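Engineer: Got upload38.pdb for you, PDB, C-alpha atoms:
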```pdb
ATOM      1  CA  MET A   1     249.412 143.447  66.079
ATOM      2  CA  GLU A   2     245.692 144.023  65.886
ATOM      3  CA  SER A   3     243.711 142.446  63.076
ATOM      4  CA  ILE A   4     241.360 144.372  60.808
ATOM      5  CA  PHE A   5     238.334 143.223  62.768
ATOM      6  CA  SER A   6     238.831 142.976  66.486
ATOM      7  CA  THR A   7     236.895 140.524  68.602
ATOM      8  CA  ARG A   8     234.723 143.356  69.858
ATOM      9  CA  ASP A   9     233.748 144.381  66.304
ATOM     10  CA  PHE A  10     233.041 140.766  65.395
ATOM     11  CA  LEU A  11     230.754 140.258  68.408
ATOM     12  CA  PHE A  12     228.958 143.524  67.681
ATOM     13  CA  THR A  13     228.393 142.429  64.082
ATOM     14  CA  LEU A  14     226.975 139.098  65.264
ATOM     15  CA  LEU A  15     224.664 140.938  67.662
ATOM     16  CA  LEU A  16     223.420 143.123  64.811
ATOM     17  CA  LYS A  17     222.829 140.013  62.648
ATOM     18  CA  VAL A  18     220.735 138.478  65.430
ATOM     19  CA  GLY A  19     218.734 141.700  65.668
ATOM     20  CA  VAL A  20     218.082 141.794  61.914
ATOM     21  CA  ALA A  21     217.074 138.114  61.896
ATOM     22  CA  ALA A  22     214.741 138.662  64.854
ATOM     23  CA  SER A  23     213.059 141.604  63.154
ATOM     24  CA  PHE A  24     212.559 139.602  59.938
ATOM     25  CA  ALA A  25     211.141 136.721  61.981
ATOM     26  CA  ALA A  26     208.747 139.038  63.810
ATOM     27  CA  LEU A  27     207.507 140.509  60.535
ATOM     28  CA  LEU A  28     207.039 137.131  58.854
ATOM     29  CA  ALA A  29     205.321 135.557  61.864
ATOM     30  CA  ARG A  30     202.431 138.022  61.612
ATOM     31  CA  TRP A  31     201.005 136.336  58.499
ATOM     32  CA  ASN A  32     198.747 133.333  59.057
ATOM     33  CA  THR A  33     199.732 131.813  55.712
ATOM     34  CA  PHE A  34     203.416 131.854  56.646
ATOM     35  CA  ARG A  35     202.733 130.302  60.044
ATOM     36  CA  ARG A  36     200.567 127.601  58.501
ATOM     37  CA  VAL A  37     203.233 126.713  55.929
ATOM     38  CA  LEU A  38     206.032 126.899  58.495
ATOM     39  CA  PHE A  39     204.400 124.560  60.995
ATOM     40  CA  THR A  40     203.352 121.958  58.420
ATOM     41  CA  GLU A  41     205.234 118.705  59.005
ATOM     42  CA  GLU A  42     205.505 117.552  55.376
ATOM     43  CA  ARG A  43     205.189 120.201  52.676
ATOM     44  CA  ASP A  44     203.955 119.688  49.144
ATOM     45  CA  PRO A  45     205.651 121.622  46.304
ATOM     46  CA  ASP A  46     203.112 124.471  46.483
ATOM     47  CA  GLN A  47     203.840 125.016  50.170
ATOM     48  CA  LYS A  48     207.592 124.912  49.539
ATOM     49  CA  LEU A  49     207.143 127.580  46.880
ATOM     50  CA  LYS A  50     205.137 129.758  49.301
ATOM     51  CA  LEU A  51     207.815 129.336  51.959
ATOM     52  CA  MET A  52     210.505 130.308  49.478
ATOM     53  CA  LEU A  53     208.548 133.354  48.306
ATOM     54  CA  PHE A  54     208.046 134.505  51.899
ATOM     55  CA  MET A  55     211.723 134.177  52.812
ATOM     56  CA  THR A  56     213.419 135.509  49.674
ATOM     57  CA  PRO A  57     212.433 139.244  49.797
ATOM     58  CA  PRO A  58     213.997 139.901  53.236
ATOM     59  CA  LEU A  59     217.171 138.180  52.083
ATOM     60  CA  ILE A  60     217.239 140.233  48.876
ATOM     61  CA  LEU A  61     216.796 143.379  50.960
ATOM     62  CA  GLY A  62     219.798 142.431  53.106
ATOM     63  CA  VAL A  63     221.989 141.791  50.060
ATOM     64  CA  ALA A  64     220.878 145.086  48.501
ATOM     65  CA  LEU A  65     221.786 146.958  51.695
ATOM     66  CA  ARG A  66     225.215 145.327  51.684
ATOM     67  CA  LEU A  67     225.759 146.366  48.074
ATOM     68  CA  VAL A  68     224.646 149.949  48.723
ATOM     69  CA  SER A  69     227.024 150.515  51.608
ATOM     70  CA  PRO A  70     229.731 148.378  53.210
ATOM     71  CA  ALA A  71     228.562 149.682  56.585
ATOM     72  CA  TYR A  72     225.456 147.479  56.274
ATOM     73  CA  HIS A  73     227.291 144.172  55.802
ATOM     74  CA  PHE A  74     225.551 142.832  58.919
ATOM     75  CA  ALA A  75     222.190 142.929  57.117
ATOM     76  CA  ASP A  76     223.275 140.284  54.593
ATOM     77  CA  LEU A  77     221.695 137.087  55.915
ATOM     78  CA  SER A  78     221.752 135.181  52.640
ATOM     79  CA  ILE A  79     224.023 132.365  53.864
ATOM     80  CA  GLU A  80     222.030 131.894  57.050
ATOM     81  CA  GLY A  81     218.756 132.139  55.144
ATOM     82  CA  ALA A  82     219.842 129.619  52.527
ATOM     83  CA  PHE A  83     220.891 127.195  55.256
ATOM     84  CA  LEU A  84     217.550 127.633  57.035
ATOM     85  CA  MET A  85     215.574 127.188  53.817
ATOM     86  CA  GLY A  86     217.583 124.107  52.966
ATOM     87  CA  LEU A  87     216.626 122.641  56.339
ATOM     88  CA  LEU A  88     212.958 123.603  56.087
ATOM     89  CA  GLY A  89     212.273 123.107  52.393
ATOM     90  CA  GLY A  90     214.920 120.758  51.103
ATOM     91  CA  ARG A  91     217.812 120.996  48.688
ATOM     92  CA  VAL A  92     215.919 122.514  45.777
ATOM     93  CA  VAL A  93     214.382 125.267  47.900
ATOM     94  CA  GLY A  94     217.738 126.079  49.511
ATOM     95  CA  ARG A  95     219.459 126.377  46.140
ATOM     96  CA  SER A  96     216.618 128.454  44.722
ATOM     97  CA  VAL A  97     216.810 130.910  47.613
ATOM     98  CA  VAL A  98     220.553 131.266  47.050
ATOM     99  CA  ARG A  99     220.052 131.935  43.349
ATOM    100  CA  LEU A 100     217.269 134.438  43.941
ATOM    101  CA  SER A 101     218.901 136.351  46.777
ATOM    102  CA  ARG A 102     222.560 136.295  45.789
ATOM    103  CA  PHE A 103     222.838 138.826  42.990
ATOM    104  CA  ARG A 104     226.437 139.887  43.285
ATOM    105  CA  ALA A 105     228.075 143.005  41.992
ATOM    106  CA  GLY A 106     231.596 142.164  41.016
ATOM    107  CA  ARG A 107     233.502 140.455  43.817
ATOM    108  CA  SER A 108     231.322 141.543  46.749
TER     109      SER A 108
END
```
If you convert what's in this file into structure tokens, what do you get?

Structural biologist:
Amino acid sequence: MESIFSTRDFLFTLLLKVGVAASFAALLARWNTFRRVLFTEERDPDQKLKLMLFMTPPLILGVALRLVSPAYHFADLSIEGAFLMGLLGGRVVGRSVVRLSRFRAGRS
């Protein structure tokens, strides 16, 4: 019996997620301010806020695409983005990104 998502579909979805993440990374890396904040060893609260404000709009866009059509579920990188922001900015930044990017409609 074949499951709802076959292994092939799962791998294709992961490949699409990597592509979306790479395109977001390429867009964000063009700004000098983002690069400066990203490569800072220890960030003060202002830099953490800048980092959060840079990363939240692409994540919101991915969640909005998922809500518009189930075919775009690969664009939702909110879990991966929250994990990354938690690593880069700390617990408060990670939680804030989750709260800002995870507006859910019903059970989705």

Engineer: Find the residue from A:Thr56, A:Leu16, A:Leu11, A:Pro45 that sits nearest to Leu28 of chain A; use only C-alpha atoms when measuring.

Structural biologist: A:Thr56

Engineer: For Phe74 of chain A, list every protein, DNA or RNA residue within 8 Å, evaluated using only C-alpha atoms, and leave out those in the same chain fewer than 6 positions away; present the list as number ranges by chain.

Structural biologist: A: 13-14, 16-17, 66

Engineer: When the PyMOL selection byres ((chain A and resi 100) around 12) is applied to the file above, which residues end up in the set, as a VMD selection string?

Structural biologist: chain A and resid 52 to 53 55 to 61 63 78 81 to 82 93 to 99 101 to 104

Engineer: For this file, the PyMOL selection byres ((chain A and resi 75) around 7) selects which residues, as a PDB file with C-alpha atoms, in the coordinates of the input?

Structural biologist:
```pdb
ATOM      1  CA  LYS A  17     222.829 140.013  62.648  1.00  0.00           C
ATOM      2  CA  VAL A  20     218.082 141.794  61.914  1.00  0.00           C
ATOM      3  CA  GLY A  62     219.798 142.431  53.106  1.00  0.00           C
ATOM      4  CA  LEU A  65     221.786 146.958  51.695  1.00  0.00           C
ATOM      5  CA  ARG A  66     225.215 145.327  51.684  1.00  0.00           C
ATOM      6  CA  TYR A  72     225.456 147.479  56.274  1.00  0.00           C
ATOM      7  CA  HIS A  73     227.291 144.172  55.802  1.00  0.00           C
ATOM      8  CA  PHE A  74     225.551 142.832  58.919  1.00  0.00           C
ATOM      9  CA  ASP A  76     223.275 140.284  54.593  1.00  0.00           C
ATOM     10  CA  LEU A  77     221.695 137.087  55.915  1.00  0.00           C
TER      11      LEU A  77
END
```

Engineer: Using all atoms of segment 40-43 of chain A listed in the file and a margin of 8 Å per side, can you give the axis-aligned box centre and edge lengths in Å to one decimal, as JSON?

Structural biologist:
```
{"center_x": 204.4, "center_y": 119.8, "center_z": 55.8, "size_x": 18.2, "size_y": 20.4, "size_z": 22.3}
```

Engineer: For Arg36 of chain A, list every protein, DNA or RNA residue within 12 Å, evaluated using all atoms listed in the file, and leave out those in the same chain fewer than 6 positions away; present the list as a ChimeraX atom specification.

Structural biologist: /A:28-30,42-43,47-48,50-51

Engineer: Kindly save the residues from that selection, with C-alpha atoms included, as a compact mmCIF listing (two decimals), in the frame of the given file.

Structural biologist:
```txt
# COMPACT_ATOMS: atom_id res chain seq x y z
CA LEU A 28 207.04 137.13 58.85
CA ALA A 29 205.32 135.56 61.86
CA ARG A 30 202.43 138.02 61.61
CA GLU A 42 205.50 117.55 55.38
CA ARG A 43 205.19 120.20 52.68
CA GLN A 47 203.84 125.02 50.17
CA LYS A 48 207.59 124.91 49.54
CA LYS A 50 205.14 129.76 49.30
CA LEU A 51 207.82 129.34 51.96
```

Engineer: Would you mind reading off the distance between atom CA of Val92 of chain A and atom CA of Ile79 of chain A, one decimal, in Å?

Structural biologist: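 Interatomic distance, atom CA of Val92 of chain A to atom CA of Ile79 of chain A: 15.1 Å.
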
Engineer: Just the number, please: distance in Å from atom CA of Ser6 of chain A to atom CA of Ala71 of chain A, one decimal.

Structural biologist: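 Here the two named atoms are 15.8 Å from each other.
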